[in-house]
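entry30.cif, holding mmCIF, C-alpha atoms and all ligand atoms:
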data_run
loop_
_atom_site.label_atom_id
_atom_site.label_comp_id
_atom_site.auth_asym_id
_atom_site.auth_seq_id
_atom_site.Cartn_x
_atom_site.Cartn_y
_atom_site.Cartn_z
CA MET Q 1 0.00 0.00 0.00
CA SER Q 2 1.34 3.45 -0.82
CA VAL Q 3 0.48 6.77 0.78
CA ASN Q 4 0.22 9.83 -1.49
CA LEU Q 5 2.27 12.56 0.10
CA SER Q 6 2.28 15.35 -2.44
CA LYS Q 7 0.43 16.28 -5.58
CA THR Q 8 3.52 17.80 -7.24
CA HIS Q 9 5.70 15.79 -9.62
CA MET Q 10 8.13 14.33 -7.11
CA PRO Q 11 9.81 10.92 -7.10
CA SER Q 12 7.88 7.89 -6.09
CA LEU Q 13 10.25 6.33 -3.56
CA ALA Q 14 10.62 2.90 -1.98
CA VAL Q 15 12.65 1.75 1.01
CA VAL Q 16 13.60 -1.93 0.79
CA GLY Q 17 14.60 -3.22 4.22
CA ALA Q 18 12.41 -0.59 5.88
CA THR Q 19 12.01 -2.51 9.16
CA GLY Q 20 15.78 -2.81 9.74
CA ALA Q 21 18.15 -0.54 11.65
CA VAL Q 22 19.13 1.41 8.52
CA GLY Q 23 15.64 1.33 6.99
CA ARG Q 24 14.00 2.86 10.07
CA GLU Q 25 16.68 5.56 10.15
CA MET Q 26 15.97 6.27 6.47
CA LEU Q 27 12.34 7.00 7.30
CA LEU Q 28 13.45 9.36 10.05
CA VAL Q 29 15.95 11.17 7.80
CA LEU Q 30 13.41 11.44 4.94
CA GLU Q 31 11.06 13.12 7.41
CA GLN Q 32 13.73 15.35 8.96
CA TYR Q 33 15.06 16.44 5.57
CA ASN Q 34 11.52 17.01 4.30
CA MET Q 35 12.35 15.05 1.15
CA PRO Q 36 9.78 15.85 -1.54
CA LEU Q 37 7.99 12.61 -2.50
CA SER Q 38 4.92 11.73 -4.51
CA SER Q 39 4.58 8.42 -2.71
CA LEU Q 40 6.51 6.14 -0.40
CA ARG Q 41 6.34 2.34 -0.35
CA LEU Q 42 8.02 0.18 2.24
CA PHE Q 43 9.33 -3.36 1.70
CA ALA Q 44 10.87 -5.96 3.98
CA SER Q 45 10.85 -9.74 4.30
CA SER Q 46 7.59 -11.71 4.25
CA LYS Q 47 7.90 -11.90 8.05
CA SER Q 48 7.13 -8.16 8.31
CA ALA Q 49 4.53 -7.95 5.54
CA GLY Q 50 1.33 -6.35 6.80
CA THR Q 51 2.95 -4.53 9.73
CA THR Q 52 3.00 -0.73 9.62
CA LEU Q 53 5.65 1.91 10.12
CA PRO Q 54 4.83 5.56 10.78
CA PHE Q 55 5.85 8.23 8.28
CA ARG Q 56 4.84 11.89 8.51
CA GLY Q 57 2.19 11.00 11.03
CA LYS Q 58 0.56 8.24 8.99
CA PRO Q 59 1.06 4.47 9.05
CA ILE Q 60 2.45 2.85 5.91
CA THR Q 61 1.91 -0.87 5.44
CA VAL Q 62 5.08 -2.89 4.88
CA GLU Q 63 5.00 -5.15 1.81
CA ALA Q 64 6.95 -8.28 0.98
CA LEU Q 65 9.04 -8.06 -2.16
CA ALA Q 66 6.90 -9.62 -4.91
CA PRO Q 67 7.75 -9.99 -8.62
CA ALA Q 68 7.38 -6.58 -10.30
CA TRP Q 69 7.45 -4.86 -6.89
CA TYR Q 70 9.15 -1.93 -8.66
CA GLN Q 71 6.21 -0.94 -10.85
CA GLY Q 72 5.30 2.73 -10.37
CA ILE Q 73 8.50 3.45 -8.41
CA ASP Q 74 11.21 5.92 -9.54
CA CYS Q 75 13.86 5.36 -6.91
CA ALA Q 76 14.51 2.74 -4.23
CA LEU Q 77 16.77 2.99 -1.20
CA LEU Q 78 17.99 -0.56 -0.57
CA SER Q 79 19.04 -1.77 2.88
CA ALA Q 80 18.10 -5.44 2.96
CA GLY Q 81 21.57 -6.94 2.57
CA SER Q 82 23.77 -7.87 -0.40
CA SER Q 83 21.92 -10.98 -1.48
CA VAL Q 84 18.58 -9.15 -1.74
CA SER Q 85 20.23 -6.28 -3.63
CA LYS Q 86 21.84 -8.69 -6.09
CA GLN Q 87 18.57 -10.55 -6.52
CA ILE Q 88 16.40 -7.52 -7.32
CA ALA Q 89 18.75 -5.00 -8.97
CA GLU Q 90 18.77 -6.08 -12.59
CA ASP Q 91 14.99 -6.16 -13.13
CA ALA Q 92 14.50 -2.92 -11.24
CA VAL Q 93 17.20 -1.08 -13.21
CA ASN Q 94 15.79 -2.44 -16.47
CA ALA Q 95 12.44 -1.03 -15.41
CA GLY Q 96 14.09 2.41 -15.11
CA LEU Q 97 14.57 2.65 -11.34
CA ILE Q 98 17.48 4.40 -9.68
CA LEU Q 99 18.70 2.18 -6.83
CA ILE Q 100 20.68 3.70 -3.97
CA ASP Q 101 22.15 0.61 -2.38
CA ASN Q 102 23.50 0.40 1.16
CA SER Q 103 24.89 -3.10 0.78
CA SER Q 104 28.34 -4.02 -0.48
CA ALA Q 105 26.88 -5.80 -3.55
CA PHE Q 106 27.87 -3.25 -6.21
CA ARG Q 107 30.33 -0.93 -4.47
CA MET Q 108 33.37 -2.06 -6.41
CA THR Q 109 31.52 -2.73 -9.68
CA PRO Q 110 33.15 -0.64 -12.43
CA GLY Q 111 30.78 2.10 -13.59
CA VAL Q 112 28.72 2.09 -10.39
CA PRO Q 113 29.24 5.37 -8.52
CA LEU Q 114 30.38 4.96 -4.91
CA THR Q 115 29.25 8.22 -3.48
CA VAL Q 116 29.77 10.43 -0.46
CA PRO Q 117 28.04 13.69 -1.45
CA GLU Q 118 30.55 15.91 0.37
CA VAL Q 119 33.52 14.07 -1.15
CA ASN Q 120 32.75 12.99 -4.73
CA PRO Q 121 29.40 14.50 -5.81
CA GLU Q 122 30.58 14.42 -9.42
CA SER Q 123 30.35 10.60 -9.34
CA ILE Q 124 26.59 10.76 -9.88
CA SER Q 125 26.48 13.50 -12.51
CA LEU Q 126 25.45 11.15 -15.35
CA LEU Q 127 22.57 9.64 -13.38
CA LYS Q 128 21.57 13.09 -12.15
CA ALA Q 129 21.38 14.33 -15.75
CA ALA Q 130 19.31 11.27 -16.68
CA VAL Q 131 16.89 11.87 -13.80
CA GLN Q 132 16.55 15.55 -14.62
CA SER Q 133 15.87 14.85 -18.29
CA GLN Q 134 13.26 12.30 -17.12
CA SER Q 135 14.87 9.68 -19.38
CA ARG Q 136 14.13 6.90 -16.89
CA SER Q 137 17.30 5.09 -17.87
CA GLY Q 138 17.79 3.41 -14.48
CA GLY Q 139 21.01 2.78 -12.60
CA ILE Q 140 22.69 1.92 -9.34
CA ILE Q 141 24.49 4.22 -6.93
CA ALA Q 142 26.34 2.49 -4.10
CA ASN Q 143 26.48 3.89 -0.58
CA PRO Q 144 29.98 3.20 0.75
CA ASN Q 145 30.85 1.15 3.83
CA CYS Q 146 29.93 3.03 7.01
CA SER Q 147 33.46 3.17 8.48
CA THR Q 148 34.80 4.34 5.14
CA ILE Q 149 32.28 7.20 4.87
CA ILE Q 150 33.09 8.36 8.41
CA LEU Q 151 36.83 8.20 7.73
CA LEU Q 152 36.58 10.08 4.44
CA MET Q 153 34.49 12.91 5.84
CA ALA Q 154 37.66 13.93 7.72
CA LEU Q 155 40.36 12.49 5.47
CA ALA Q 156 39.13 13.80 2.10
CA PRO Q 157 39.32 17.54 2.94
CA ILE Q 158 42.84 17.04 4.31
CA HIS Q 159 43.74 15.02 1.21
CA ARG Q 160 42.42 17.77 -1.06
CA ALA Q 161 44.43 20.43 0.80
CA PHE Q 162 47.78 18.70 1.46
CA GLY Q 163 47.62 15.21 -0.07
CA VAL Q 164 47.53 12.19 2.22
CA SER Q 165 50.16 9.60 1.39
CA ARG Q 166 49.31 7.18 4.23
CA ALA Q 167 46.62 6.67 6.87
CA VAL Q 168 46.69 4.14 9.71
CA VAL Q 169 43.17 3.62 11.03
CA SER Q 170 41.89 1.77 14.09
CA THR Q 171 38.13 1.52 14.42
CA TYR Q 172 35.87 1.22 17.45
CA GLN Q 173 32.67 -0.05 15.85
CA ALA Q 174 29.25 -0.06 17.48
CA ALA Q 175 26.69 -2.87 17.71
CA SER Q 176 24.27 -1.05 15.40
CA GLY Q 177 26.72 -1.60 12.55
CA ALA Q 178 25.52 -5.20 12.63
CA GLY Q 179 21.85 -4.17 12.41
CA SER Q 180 18.96 -4.81 14.79
CA GLN Q 181 20.24 -8.24 15.77
CA GLY Q 182 23.63 -6.82 16.73
CA MET Q 183 22.01 -4.26 19.03
CA ASP Q 184 19.74 -6.93 20.57
CA GLU Q 185 22.80 -9.09 21.23
CA LEU Q 186 24.59 -6.31 23.11
CA LEU Q 187 21.51 -5.48 25.20
CA ASP Q 188 20.64 -9.13 25.96
CA GLN Q 189 24.20 -10.06 26.89
CA THR Q 190 24.64 -6.97 29.07
CA ARG Q 191 21.43 -7.85 30.95
CA SER Q 192 22.62 -11.47 31.35
CA VAL Q 193 25.98 -10.44 32.78
CA LEU Q 194 24.36 -7.97 35.18
CA ASN Q 195 21.90 -10.68 36.26
CA GLY Q 196 24.81 -13.02 36.94
CA THR Q 197 24.03 -15.45 34.12
CA THR Q 198 26.33 -16.49 31.28
CA PRO Q 199 25.34 -14.81 27.99
CA LEU Q 200 24.79 -17.01 24.95
CA PRO Q 201 26.43 -15.55 21.83
CA LYS Q 202 24.07 -15.73 18.82
CA VAL Q 203 25.13 -13.07 16.31
CA PHE Q 204 28.80 -12.70 17.18
CA ALA Q 205 31.20 -15.55 17.95
CA GLU Q 206 32.73 -13.70 20.89
CA PRO Q 207 30.95 -12.55 24.06
CA TYR Q 208 29.93 -8.92 23.44
CA ALA Q 209 29.04 -7.44 26.82
CA PHE Q 210 32.07 -5.95 28.60
CA ASN Q 211 34.31 -7.16 25.78
CA LEU Q 212 35.66 -6.10 22.41
CA PHE Q 213 36.82 -8.19 19.48
CA SER Q 214 38.16 -8.19 15.95
CA HIS Q 215 35.41 -7.23 13.45
CA ASN Q 216 33.09 -10.13 12.71
CA SER Q 217 33.43 -9.95 8.91
CA ALA Q 218 35.16 -12.76 7.01
CA LEU Q 219 38.92 -12.85 7.41
CA ASP Q 220 41.28 -13.51 4.51
CA PRO Q 221 43.69 -16.14 5.84
CA VAL Q 222 46.49 -15.08 3.50
CA SER Q 223 46.60 -11.32 4.15
CA GLY Q 224 45.11 -11.51 7.66
CA LEU Q 225 42.77 -8.63 6.72
CA ASN Q 226 39.05 -8.90 7.38
CA ALA Q 227 36.40 -7.76 4.90
CA GLU Q 228 35.73 -4.51 6.77
CA GLU Q 229 39.44 -3.58 6.59
CA LEU Q 230 39.59 -4.44 2.89
CA LYS Q 231 36.50 -2.31 2.23
CA MET Q 232 38.17 0.69 3.90
CA ILE Q 233 41.19 0.30 1.65
CA HIS Q 234 39.48 -0.41 -1.69
CA GLU Q 235 36.50 1.90 -1.25
CA THR Q 236 38.74 4.79 -0.16
CA HIS Q 237 40.73 4.41 -3.36
CA LYS Q 238 37.59 4.36 -5.51
CA ILE Q 239 35.92 7.33 -3.79
CA LEU Q 240 39.06 9.48 -3.85
CA SER Q 241 39.96 8.23 -7.36
CA ASP Q 242 43.44 7.84 -5.93
CA PRO Q 243 44.85 4.35 -5.37
CA SER Q 244 48.15 5.84 -4.19
CA VAL Q 245 46.79 6.65 -0.70
CA ARG Q 246 48.17 3.83 1.46
CA ILE Q 247 45.75 2.65 4.12
CA SER Q 248 46.33 0.27 7.00
CA ALA Q 249 43.18 -0.57 8.97
CA THR Q 250 42.36 -2.55 12.11
CA CYS Q 251 38.62 -2.90 12.63
CA ILE Q 252 37.33 -3.71 16.10
CA ARG Q 253 33.79 -4.19 17.42
CA VAL Q 254 33.28 -2.44 20.78
CA PRO Q 255 30.32 -2.70 23.20
CA VAL Q 256 28.81 0.64 22.19
CA MET Q 257 25.21 0.69 20.96
CA ARG Q 258 25.53 3.22 18.17
CA ALA Q 259 28.09 5.40 16.32
CA HIS Q 260 31.53 4.28 15.19
CA CYS Q 261 34.80 5.89 16.29
CA GLU Q 262 38.14 5.83 14.50
CA SER Q 263 41.65 6.70 15.58
CA VAL Q 264 43.52 7.93 12.51
CA ASN Q 265 47.23 8.59 12.02
CA ILE Q 266 48.08 10.34 8.77
CA THR Q 267 51.15 11.18 6.74
CA LEU Q 268 50.81 14.12 4.37
CA ARG Q 269 52.48 14.74 1.03
CA SER Q 270 52.95 18.48 1.70
CA PRO Q 271 53.75 19.76 5.19
CA ALA Q 272 51.08 21.58 7.19
CA THR Q 273 50.71 23.01 10.66
CA LEU Q 274 48.18 21.81 13.20
CA GLN Q 275 46.38 25.13 12.68
CA ASP Q 276 46.12 24.32 8.94
CA ILE Q 277 44.56 20.93 9.70
CA HIS Q 278 42.19 22.52 12.20
CA ARG Q 279 41.14 25.16 9.67
CA VAL Q 280 40.55 22.67 6.85
CA LEU Q 281 38.42 20.44 9.07
CA SER Q 282 36.49 23.38 10.54
CA GLN Q 283 35.58 24.49 7.02
CA ALA Q 284 34.61 20.99 5.80
CA LYS Q 285 30.89 20.47 5.21
CA GLY Q 286 29.40 17.82 7.48
CA VAL Q 287 32.35 17.92 9.90
CA GLU Q 288 32.29 19.38 13.41
CA VAL Q 289 35.56 19.87 15.24
CA ILE Q 290 35.32 19.09 18.97
CA ASP Q 291 38.84 19.62 20.20
CA ASP Q 292 38.81 21.22 23.63
CA ARG Q 293 42.08 20.25 25.30
CA ALA Q 294 41.46 22.36 28.40
CA ASN Q 295 38.30 20.44 29.26
CA ASN Q 296 39.26 17.04 27.78
CA ASN Q 297 36.22 17.43 25.56
CA PHE Q 298 36.52 15.36 22.39
CA PRO Q 299 34.29 13.26 20.08
CA THR Q 300 32.44 10.31 21.61
CA PRO Q 301 29.86 7.88 20.22
CA LEU Q 302 27.16 9.42 22.40
CA LYS Q 303 27.96 12.92 21.13
CA ALA Q 304 27.74 11.64 17.55
CA THR Q 305 24.55 9.59 18.01
CA GLY Q 306 21.53 11.02 16.21
CA GLY Q 307 23.52 13.86 14.64
CA ASP Q 308 24.33 14.60 11.02
CA ASN Q 309 27.91 15.71 11.48
CA VAL Q 310 31.04 13.59 11.75
CA LEU Q 311 32.91 14.76 14.86
CA VAL Q 312 36.69 15.20 14.77
CA GLY Q 313 39.05 15.96 17.65
CA ARG Q 314 42.22 14.96 19.52
CA LEU Q 315 43.98 16.81 16.73
CA ARG Q 316 47.70 16.72 17.32
CA VAL Q 317 51.10 16.51 15.70
CA ASP Q 318 52.33 12.91 15.57
CA PRO Q 319 55.58 13.01 17.59
CA SER Q 320 56.89 9.94 15.75
CA GLN Q 321 56.87 11.91 12.48
CA HIS Q 322 58.17 15.19 13.89
CA SER Q 323 61.78 16.11 14.56
CA PRO Q 324 62.49 16.15 18.29
CA GLY Q 325 63.20 19.63 19.55
CA GLN Q 326 61.44 21.33 16.64
CA SER Q 327 58.54 23.63 17.49
CA LEU Q 328 55.10 22.02 17.20
CA ASP Q 329 54.17 25.04 15.06
CA THR Q 330 56.65 24.04 12.35
CA PRO Q 331 54.90 22.59 9.28
CA THR Q 332 55.14 18.82 9.44
CA LEU Q 333 53.81 15.67 7.77
CA GLY Q 334 52.35 13.51 10.53
CA PHE Q 335 49.12 14.09 12.49
CA ASP Q 336 46.72 12.14 14.69
CA MET Q 337 42.98 12.58 15.10
CA PHE Q 338 39.96 10.84 16.58
CA ILE Q 339 36.66 10.65 14.72
CA ALA Q 340 33.12 9.74 15.79
CA GLY Q 341 30.17 9.39 13.42
CA ASP Q 342 26.68 7.95 13.60
CA GLN Q 343 27.04 5.12 11.12
CA LEU Q 344 23.28 4.53 10.90
CA ARG Q 345 22.97 8.12 9.72
CA LYS Q 346 26.03 9.47 7.85
CA GLY Q 347 27.37 5.93 7.42
CA ALA Q 348 24.14 4.71 5.83
CA ALA Q 349 20.66 6.30 5.86
CA GLN Q 350 21.61 9.99 5.79
CA ASN Q 351 24.19 9.48 3.04
CA ALA Q 352 21.60 7.62 0.94
CA VAL Q 353 18.94 10.32 1.43
CA GLN Q 354 21.50 13.03 0.59
CA ILE Q 355 22.16 11.20 -2.69
CA ALA Q 356 18.40 11.06 -3.40
CA GLN Q 357 18.16 14.79 -2.69
CA MET Q 358 21.02 15.48 -5.10
CA LEU Q 359 19.17 13.56 -7.80
CA TYR Q 360 15.67 14.93 -7.31
CA CYS Q 361 15.81 18.28 -5.52
N1 LIG N 1 23.80 -1.09 10.24
C1 LIG N 1 24.64 -0.25 9.68
O1 LIG N 1 25.24 0.61 10.33
C2 LIG N 1 24.89 -0.29 8.21
C3 LIG N 1 25.70 0.70 7.66
C4 LIG N 1 25.95 0.69 6.30
C5 LIG N 1 25.38 -0.29 5.53
N2 LIG N 1 24.59 -1.24 6.09
C6 LIG N 1 24.00 -2.24 5.22
O2 LIG N 1 22.60 -2.01 5.15
C7 LIG N 1 21.90 -3.26 5.01
C8 LIG N 1 20.88 -3.39 6.14
O3 LIG N 1 21.54 -3.32 7.38
P1 LIG N 1 20.75 -3.20 8.75
O4 LIG N 1 21.80 -2.92 9.74
O5 LIG N 1 19.60 -2.27 8.63
O6 LIG N 1 20.21 -4.70 8.93
P2 LIG N 1 18.93 -5.21 9.74
O7 LIG N 1 18.64 -4.34 10.90
O8 LIG N 1 19.19 -6.65 9.99
O9 LIG N 1 17.73 -5.07 8.70
C9 LIG N 1 17.62 -5.88 7.55
C10 LIG N 1 16.40 -5.47 6.76
O10 LIG N 1 16.37 -6.26 5.56
C11 LIG N 1 15.07 -6.88 5.48
N3 LIG N 1 15.16 -8.15 4.77
C12 LIG N 1 15.87 -9.24 5.12
N4 LIG N 1 15.69 -10.23 4.21
C13 LIG N 1 14.85 -9.74 3.28
C14 LIG N 1 14.28 -10.27 2.08
N5 LIG N 1 14.53 -11.51 1.67
N6 LIG N 1 13.45 -9.48 1.36
C15 LIG N 1 13.18 -8.21 1.76
N7 LIG N 1 13.68 -7.65 2.87
C16 LIG N 1 14.52 -8.42 3.62
C17 LIG N 1 14.66 -7.06 6.92
O11 LIG N 1 13.26 -7.29 6.99
P3 LIG N 1 12.60 -8.07 8.24
O12 LIG N 1 12.58 -7.10 9.37
O13 LIG N 1 11.27 -8.40 7.74
O14 LIG N 1 13.47 -9.26 8.51
C18 LIG N 1 15.09 -5.72 7.48
O15 LIG N 1 14.15 -4.73 7.10
C19 LIG N 1 23.00 -4.33 5.00
O16 LIG N 1 23.37 -4.58 3.67
C20 LIG N 1 24.14 -3.67 5.71
O17 LIG N 1 25.39 -4.20 5.35
C21 LIG N 1 24.32 -1.26 7.41
#
In structure tokens, write the structure found in this file.
Amino acid sequence: MSVNLSKTHMPSLAVVGATGAVGREMLLVLEQYNMPLSSLRLFASSKSAGTTLPFRGKPITVEALAPAWYQGIDCALLSAGSSVSKQIAEDAVNAGLILIDNSSAFRMTPGVPLTVPEVNPESISLLKAAVQSQSRSGGIIANPNCSTIILLMALAPIHRAFGVSRAVVSTYQAASGAGSQGMDELLDQTRSVLNGTTPLPKVFAEPYAFNLFSHNSALDPVSGLNAEELKMIHETHKILSDPSVRISATCIRVPVMRAHCESVNITLRSPATLQDIHRVLSQAKGVEVIDDRANNNFPTPLKATGGDNVLVGRLRVDPSQHSPGQSLDTPTLGFDMFIAGDQLRKGAAQNAVQIAQMLYC
């Protein structure tokens, strides 16, 4: 069932995976951003069919994905996992839909834009032109990996200004990155531990409450890198159109409900001062610098939760890349920073809605 929201000629939108952690956030962001829509349809698995989700004060009935589900739809935001995206993409694109896909299914596919609006808006210019000429030629735009988006919100402006030759990244990733089941696991296990019972891991192999562990994605036995770390490397290269930026990543799941953090050590190509880095980040769209040394006030997951901006702080010269005895005001190549971003929003739903806005508004 669809709800007519506007009489003007606006896109007819669908959210596939609407009942999930990202899907629900998409509905919230669509409301908050006042996205112009002619209609909105919601899809999830057959388990959720017939339930309702509120949107702009009205309930919308969730539908199961049926053959030809895409009829009458202009654009679909997909967040139902890679296998669903792969299963439904071809027919939908052939029917003229624009798919904005949150899964990893098409991110590295040549010709598919991998887009962070603040970083590489030009990547969707062809599809934008097609939408605006109403050619209905269809296509896929991939939303990057959540940790990669959060990293690049801070790294890309610095790269544009001074060139980044190397970044060493350690992540502190929240339960919500693993969807509703990941959040349930953290809550259930925390309750169990506090009640004095032994938690039973279901989603993650390791106990989650009062623990942290290497990211749960598949690990390549040869390189020792897990899929999340590989995504940060390969997706960064594609988004920046610069495979020369060397990235080393260690991705860790921490017992935080929502919002990922990242500790980032960078090496620049051209020297800069700490003030230069501060200025570039302060001027970057979608970035908020929280760097109050006097009060030990820096980015945290709770400060990032529910917000649009990626928070950056702990900005400092890396002493291991700076000559001992030289003033900290001397231009140098190495810096450290700490980032926090709500990965359900900027790392997923918000980024996807921003892309839809770029296409249709
Ligand atoms: N969580 C994040 O921070 C994040 C960030 C970036 C990207 N992503 C990606 O976004 C996608 C969704 O993640 P999530 O965290 O929102 O997961 P989630 O909370 O587990 O939600 C999954 C959604 O997919 C639906 N679904 C599952 N199987 C389906 C099927 N066969 N047909 C139609 N719908 C189906 C589920 O419907 P039911 O409720 O009916 O089962 C639910 O709406 C994944 O590809 C994930 O990698 C997630």
* To do: Check every protein, DNA and RNA residue against ligand LIG 1 (chain N), keep those with an atom at most 7 Å away (counting all atoms listed in the file), and present them as a ChimeraX atom specification.
  => /Q:16-23,43-48,64-65,79-82,84,102-104,145-146,176-181,343-344,347-348
* To do: Calculate how many Å separate CA of Ser123 (chain Q) from CA of Leu225 (chain Q), rounding to one decimal.
  => 28.0 Å
* Structure fact -> Correct to one decimal, the distance CA of Leu155 (chain Q)-CA of Ala167 (chain Q) is 8.7 Å
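Between Pro301 (chain Q) and the candidates Q:Thr171, Q:Ser217, Q:Ser83, Q:Thr197, the tightest atom-to-atom separation, counting all atoms listed in the file, involves Q:Thr171.
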* To do: Please provide the set of residues having any atom within 8 Å of Val287 (chain Q), restricted to all atoms listed in the file, with same-chain residues fewer than 6 positions apart removed, written as a VMD selection string.
  => chain Q and resid 153 to 154 281 309 to 312
* **Nearest residue to Ser12 (chain Q) from the set Q:Arg24, Q:Leu302, Q:Asp74, Q:Gly50 (distances using all atoms listed in the file)** => Q:Asp74
* Asked: Got a sec: who's within 10 Å of region 132-135 of chain Q, counting all atoms listed in the file, leaving out chain neighbours fewer than 5 positions off, as a ChimeraX atom specification?
  -> /Q:96,126-127,359-361
Go ahead and write the residues just picked, C-alpha atoms, as a JSON list (two decimals), in the coordinates of the input.
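Below you can see out_5.json, which holds the result:
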[["chain", "number", "residue", "atom", "x", "y", "z"],
["Q", 96, "GLY", "CA", 14.09, 2.41, -15.11],
["Q", 126, "LEU", "CA", 25.45, 11.15, -15.35],
["Q", 127, "LEU", "CA", 22.57, 9.64, -13.38],
["Q", 359, "LEU", "CA", 19.17, 13.56, -7.80],
["Q", 360, "TYR", "CA", 15.67, 14.93, -7.31],
["Q", 361, "CYS", "CA", 15.81, 18.28, -5.52]]
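For the atom pair formed by CA of Ile339 (chain Q) and CA of Pro299 (chain Q), the distance is 6.4 Å, given to one decimal.
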* **Surrounding residues of Thr330 (chain Q) excluding itself and chain neighbours under 6 positions, 9 Å, only C-alpha atoms, as a ChimeraX atom specification** => /Q:271-274
Region 27-40 of chain Q: axis-aligned bounding box, 3 Å on each side, centre and edge lengths in Å, one decimal, as lines of an AutoDock Vina configuration file:
center_x = 10.3
center_y = 11.6
center_z = 2.8
size_x = 17.4
size_y = 16.9
size_z = 20.6
* Please provide the set of residues having any atom within 7 Å of Thr52 (chain Q), restricted to all atoms listed in the file, with same-chain residues fewer than 3 positions apart removed, written as a ChimeraX atom specification. => /Q:59-62
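The shell of residues at most 10 Å from Ser244 (chain Q), with only C-alpha atoms counted and near chain neighbours (fewer than 3 positions) removed, consists of Val164, Ser165, Arg166, His237, Leu240, Ser241 and Ile247 of chain Q.
When only C-alpha atoms are used to compute distances to Leu97 (chain Q), the closest of the residues Q:Ala130, Q:Met232, Q:Phe204, Q:Ile124 turns out to be Q:Ala130.
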